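**Student:** Have a look at this one.
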Amino acid sequence: MHSGEAGAMNDQTARASSIKVAWRTAAMTLIGSYFLLSPVLPQVFDTGRPWVRQWTMFGGVGVGLLKGDFFFKPTEGEIRRLSVLDVHGLKRYPVTAQFYRYDGLIFEDADFLRLAAKYCAANSEAQGEILFKGRLGHGKAWRTVEYRSACGDESQ
Amino acid sequence: MRKLGAKLTHIANRQGSSRAAGLLRIGIAALALVRWGEDVALFNADSPGLLILSPLFFIFAIAMLAGFRTKTATFGLTLVLGVFYFLYGHALGMAEWAHHHTYILLIATALLNASPCEKSYSVDRWLALQRAHRRGLIPPPERGYLWGQDLIVIQMAALYFWTAIDKTEWGFLSGDRLERIFEWTYAGHPLYPLMTVKPLLAIASLAVVVIEYYLAYAVLARKWKCATMGIAISLHLLFFFMLKVDTYSATMIVLYLAYLNPDRLHNMLDEIQGVKVRPTDRAIPSNDVAKAA
């Protein structure tokens, strides 16, 4: 190989290397900046979902969940205190399933009436009023709530 | 500005041992199989789209795990996981595939495309050694560009920072949000009374936020590595132990392979395997940088 040809090849190799270096630097800078800055869109400006990932893990777990006491006031007899799980007819929540798949969550008053009706139907001897006093998972915290429903309310 | 440019050029073009990337590849492919394997196995693939994606997923994931045609397999798996996350997860409403733990698996797989993950602990490596042996050449080096691993570290730091930002509000710091999570997870459990003690919840919430801010900085700045690894792994194991986190904790722990100094890890693995030869202790700039300079 002539020295001129070898020199040209070296120049070409150096140019190709320099392009690769610049490409890698640009790609890393752009992707790294995207990772660091892009969550500002969904988390601060509430836009960009789903294409931009927000890092708000477990933020929705507990929304619609009741915490407190149920009271069943029969037409005749003494008031009975019930746990939230008693009314749901559960020993534990189905924790191996996804939270948002659980159909016993309370997002509006109608959901509470449905839950009360379910309890009434499962306890056919229950005749009376169901009360709940406690808190409801709402937004990013709890909200104090009080619900009341008579057995058979939902069908009215 | 010029200094910053030079620093970025150095970081993006430095090379090091490929063993950390090889181990990362194995861990991420195994976790992808755990996360989606049952969901897209043939008995669950009952739509035309999944009938096509199911075999592709298994072929790419298993090839990536074994390190056979690794570059193609990693690229293929990235595309398949992208379809799972964006199309099925978001567009078609399969919410379980649109979680943060699935996204982090997708991103880790995507970034492995920019790593030398095929050069260590792979069938490709074994075939390359056989070829070199037949031709009487020296074994190919277990080295490559580290920018893919560096981007994984940046993604981890961003995740910690933005999740800490999300938690920096009274609802979380007062323990209310943690109480809701534990209400769902532990109601009816023998430890429920202990798990819902309000002062403990507030202390735990504050600790989580402080640790996440610390990790965001320490991971990105690569500071106090031993302490950072210890704190991070303990935190993720605690999440794993106490909550339903799917593959999230395991993925984050595996990703810390990208945080380690790849050449030190290489040396340590040599020592574990009784190999006396020690490669260089620190990453060296690539040939490309040298030539370009």
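Order determines the names: the first chain of the structure tokens is A, the second B, and so forth; residues in each chain are numbered 1 upward, and ligands are numbered 1 upward as they are shown.
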Extract, using only C-alpha atoms, all DNA, RNA and protein residues at most 12 Å from Lys244 (chain B), discarding same-chain residues fewer than 2 positions from it, and format them as a ChimeraX atom specification.
**Tutor:** /A:57-58,61,94-99 /B:101,181-182,184-186,236-242,246-250
**Student:** Would you list which chain B residues are within 7 Å of chain A using only C-alpha atoms, as an NGL selection string?
**Tutor:** :B and (8-9 or 12-13 or 90 or 147 or 151 or 154-155 or 158-159 or 162-163 or 166 or 171 or 176-177 or 180-181 or 184-185 or 187-188 or 288-289 or 291-292)
**Student:** Please produce a file of the residues just selected, as a JSON list (two decimals), in the first residue's frame, where the atoms kept are N, CA and C atoms.
**Tutor:**
```json
[["chain", "number", "residue", "atom", "x", "y", "z"],
["B", 8, "LEU", "N", -18.45, 15.29, 29.50],
["B", 8, "LEU", "CA", -19.52, 14.45, 28.92],
["B", 8, "LEU", "C", -18.94, 13.49, 27.89],
["B", 9, "THR", "N", -18.02, 14.01, 27.06],
["B", 9, "THR", "CA", -17.39, 13.17, 26.04],
["B", 9, "THR", "C", -16.64, 12.02, 26.70],
["B", 12, "ALA", "N", -19.27, 9.49, 28.22],
["B", 12, "ALA", "CA", -20.02, 8.75, 27.20],
["B", 12, "ALA", "C", -19.15, 7.78, 26.41],
["B", 13, "ASN", "N", -17.84, 7.97, 26.46],
["B", 13, "ASN", "CA", -16.97, 7.15, 25.62],
["B", 13, "ASN", "C", -15.97, 6.30, 26.38],
["B", 90, "HIS", "N", -51.07, 0.97, 28.09],
["B", 90, "HIS", "CA", -51.73, 2.28, 28.08],
["B", 90, "HIS", "C", -52.87, 2.37, 27.08],
["B", 147, "TRP", "N", -21.60, 3.57, 28.52],
["B", 147, "TRP", "CA", -22.62, 4.62, 28.59],
["B", 147, "TRP", "C", -24.03, 4.09, 28.84],
["B", 151, "LEU", "N", -26.35, 5.38, 31.86],
["B", 151, "LEU", "CA", -27.72, 5.87, 31.71],
["B", 151, "LEU", "C", -28.68, 5.15, 32.66],
["B", 154, "ILE", "N", -28.36, 6.98, 35.81],
["B", 154, "ILE", "CA", -29.08, 8.27, 35.75],
["B", 154, "ILE", "C", -30.59, 8.03, 35.92],
["B", 155, "GLN", "N", -31.09, 6.98, 35.28],
["B", 155, "GLN", "CA", -32.51, 6.67, 35.41],
["B", 155, "GLN", "C", -32.88, 6.34, 36.86],
["B", 158, "ALA", "N", -32.97, 9.56, 38.82],
["B", 158, "ALA", "CA", -34.17, 10.33, 38.48],
["B", 158, "ALA", "C", -35.40, 9.73, 39.16],
["B", 159, "LEU", "N", -35.47, 8.41, 39.15],
["B", 159, "LEU", "CA", -36.60, 7.72, 39.81],
["B", 159, "LEU", "C", -36.66, 8.09, 41.29],
["B", 162, "TRP", "N", -37.68, 11.92, 41.74],
["B", 162, "TRP", "CA", -39.06, 12.30, 41.45],
["B", 162, "TRP", "C", -40.06, 11.60, 42.34],
["B", 163, "THR", "N", -39.71, 10.40, 42.81],
["B", 163, "THR", "CA", -40.63, 9.75, 43.76],
["B", 163, "THR", "C", -40.55, 10.47, 45.11],
["B", 166, "ASP", "N", -42.68, 13.54, 44.79],
["B", 166, "ASP", "CA", -44.10, 13.19, 44.92],
["B", 166, "ASP", "C", -44.50, 13.03, 46.39],
["B", 171, "GLY", "N", -49.65, 15.01, 53.14],
["B", 171, "GLY", "CA", -50.37, 13.74, 53.13],
["B", 171, "GLY", "C", -49.44, 12.55, 53.34],
["B", 176, "ASP", "N", -50.28, 9.61, 56.52],
["B", 176, "ASP", "CA", -51.61, 9.25, 56.01],
["B", 176, "ASP", "C", -51.55, 8.29, 54.81],
["B", 177, "ARG", "N", -50.66, 8.59, 53.88],
["B", 177, "ARG", "CA", -50.61, 7.74, 52.67],
["B", 177, "ARG", "C", -50.10, 6.35, 53.00],
["B", 180, "ARG", "N", -52.84, 4.38, 54.56],
["B", 180, "ARG", "CA", -53.78, 3.83, 53.57],
["B", 180, "ARG", "C", -53.23, 2.58, 52.91],
["B", 181, "ILE", "N", -51.94, 2.64, 52.60],
["B", 181, "ILE", "CA", -51.31, 1.48, 51.95],
["B", 181, "ILE", "C", -51.35, 0.28, 52.91],
["B", 184, "TRP", "N", -54.87, -1.29, 53.36],
["B", 184, "TRP", "CA", -55.19, -2.24, 52.30],
["B", 184, "TRP", "C", -54.40, -3.54, 52.50],
["B", 185, "THR", "N", -53.13, -3.41, 52.84],
["B", 185, "THR", "CA", -52.25, -4.56, 52.85],
["B", 185, "THR", "C", -52.38, -5.40, 54.13],
["B", 187, "ALA", "N", -54.96, -4.95, 56.84],
["B", 187, "ALA", "CA", -56.22, -5.08, 57.58],
["B", 187, "ALA", "C", -56.56, -6.57, 57.70],
["B", 188, "GLY", "N", -56.83, -7.03, 58.90],
["B", 188, "GLY", "CA", -57.12, -8.44, 59.13],
["B", 188, "GLY", "C", -55.88, -9.29, 59.38],
["B", 288, "ASP", "N", -11.63, 5.25, 20.28],
["B", 288, "ASP", "CA", -12.27, 6.29, 19.48],
["B", 288, "ASP", "C", -11.94, 7.68, 20.00],
["B", 289, "VAL", "N", -11.98, 7.83, 21.33],
["B", 289, "VAL", "CA", -11.68, 9.13, 21.92],
["B", 289, "VAL", "C", -10.24, 9.50, 21.62],
["B", 291, "LYS", "N", -8.37, 8.44, 19.20],
["B", 291, "LYS", "CA", -8.18, 8.75, 17.78],
["B", 291, "LYS", "C", -8.75, 10.13, 17.46],
["B", 292, "ALA", "N", -9.96, 10.38, 17.99],
["B", 292, "ALA", "CA", -10.59, 11.66, 17.69],
["B", 292, "ALA", "C", -9.76, 12.82, 18.23]]
```
**Student:** Write out as a list in words the set of residues from region 93-152 of chain A that DSSP, computed on the backbone, places in alpha helix (DSSP H).
**Tutor:**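 Put together, the selection reads Asp109, Ala110, Asp111, Phe112, Leu113, Arg114, Leu115, Ala116, Ala117, Lys118, Tyr119, Cys120, Ala121 and Ala122 of chain A.
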**Student:** Only N, CA and C atoms, please: the residues just picked out, written as a short mmCIF file (atom, residue, chain, number, x, y, z; two decimals), in the first residue's frame.
**Tutor:**
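Okay, this is what ended up in again00.cif:
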```
data_model
loop_
_atom_site.label_atom_id
_atom_site.label_comp_id
_atom_site.auth_asym_id
_atom_site.auth_seq_id
_atom_site.Cartn_x
_atom_site.Cartn_y
_atom_site.Cartn_z
N ASP A 109 -71.32 8.24 46.74
CA ASP A 109 -72.32 7.73 47.70
C ASP A 109 -72.96 6.43 47.22
N ALA A 110 -73.17 6.34 45.91
CA ALA A 110 -73.81 5.13 45.37
C ALA A 110 -72.98 3.88 45.68
N ASP A 111 -71.66 4.04 45.74
CA ASP A 111 -70.81 2.88 46.04
C ASP A 111 -71.05 2.40 47.48
N PHE A 112 -71.28 3.37 48.38
CA PHE A 112 -71.56 2.97 49.76
C PHE A 112 -72.89 2.25 49.84
N LEU A 113 -73.89 2.78 49.14
CA LEU A 113 -75.22 2.14 49.16
C LEU A 113 -75.14 0.71 48.62
N ARG A 114 -74.30 0.56 47.59
CA ARG A 114 -74.13 -0.77 47.00
C ARG A 114 -73.49 -1.73 48.01
N LEU A 115 -72.49 -1.20 48.75
CA LEU A 115 -71.80 -2.02 49.75
C LEU A 115 -72.78 -2.42 50.86
N ALA A 116 -73.59 -1.45 51.30
CA ALA A 116 -74.57 -1.73 52.36
C ALA A 116 -75.58 -2.76 51.87
N ALA A 117 -76.02 -2.61 50.63
CA ALA A 117 -77.01 -3.54 50.06
C ALA A 117 -76.42 -4.95 49.98
N LYS A 118 -75.15 -5.00 49.66
CA LYS A 118 -74.47 -6.31 49.57
C LYS A 118 -74.46 -6.97 50.96
N TYR A 119 -74.21 -6.16 51.97
CA TYR A 119 -74.20 -6.70 53.34
C TYR A 119 -75.59 -7.19 53.71
N CYS A 120 -76.59 -6.38 53.39
CA CYS A 120 -77.97 -6.76 53.72
C CYS A 120 -78.35 -8.07 53.02
N ALA A 121 -77.97 -8.17 51.76
CA ALA A 121 -78.33 -9.38 50.99
C ALA A 121 -77.62 -10.61 51.55
N ALA A 122 -76.37 -10.41 52.00
CA ALA A 122 -75.61 -11.54 52.53
C ALA A 122 -76.11 -11.93 53.92
#
```
**Student:** Using only C-alpha atoms, determine which residues lie at most 12 Å from region 26-29 of chain B, disregarding the query and same-chain residues fewer than 6 positions distant; provide the list as a ChimeraX atom specification.
**Tutor:** /B:19-20,35-37,57-68,70,73-74,76-78,81,101-102,104-112,117-118,120-123,247-248,250-258
**Student:** Would you mind reading off the distance between CA of Gly68 (chain A) and CA of Val87 (chain A), one decimal, in Å?
**Tutor:**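 Between these atoms lies a distance of 11.5 Å.
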**Student:** At what distance in Å, to one decimal, does CA of Leu31 (chain B) lie from CA of Val52 (chain A)?
**Tutor:** 22.9 Å
**Student:** Kindly give the distance, in Å, that separates CA of Asp39 (chain B) and CA of His99 (chain B), rounded to a single decimal.
**Tutor:** 14.6 Å
**Student:** Could you check which of B:Ala164, B:Gly22, B:Ile203, B:Gly49 is closest to Asp124 (chain B), using only C-alpha atoms?
**Tutor:**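 Distance minimum relative to Asp124 (chain B) lands on B:Gly22.
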**Student:** Please give the complete set of residues from chain A that DSSP, run on the backbone, assigns to strand (DSSP E or B), formatted as a PyMOL selection string.
**Tutor:** chain A and resi 66-74+80-82+128-138+141-150
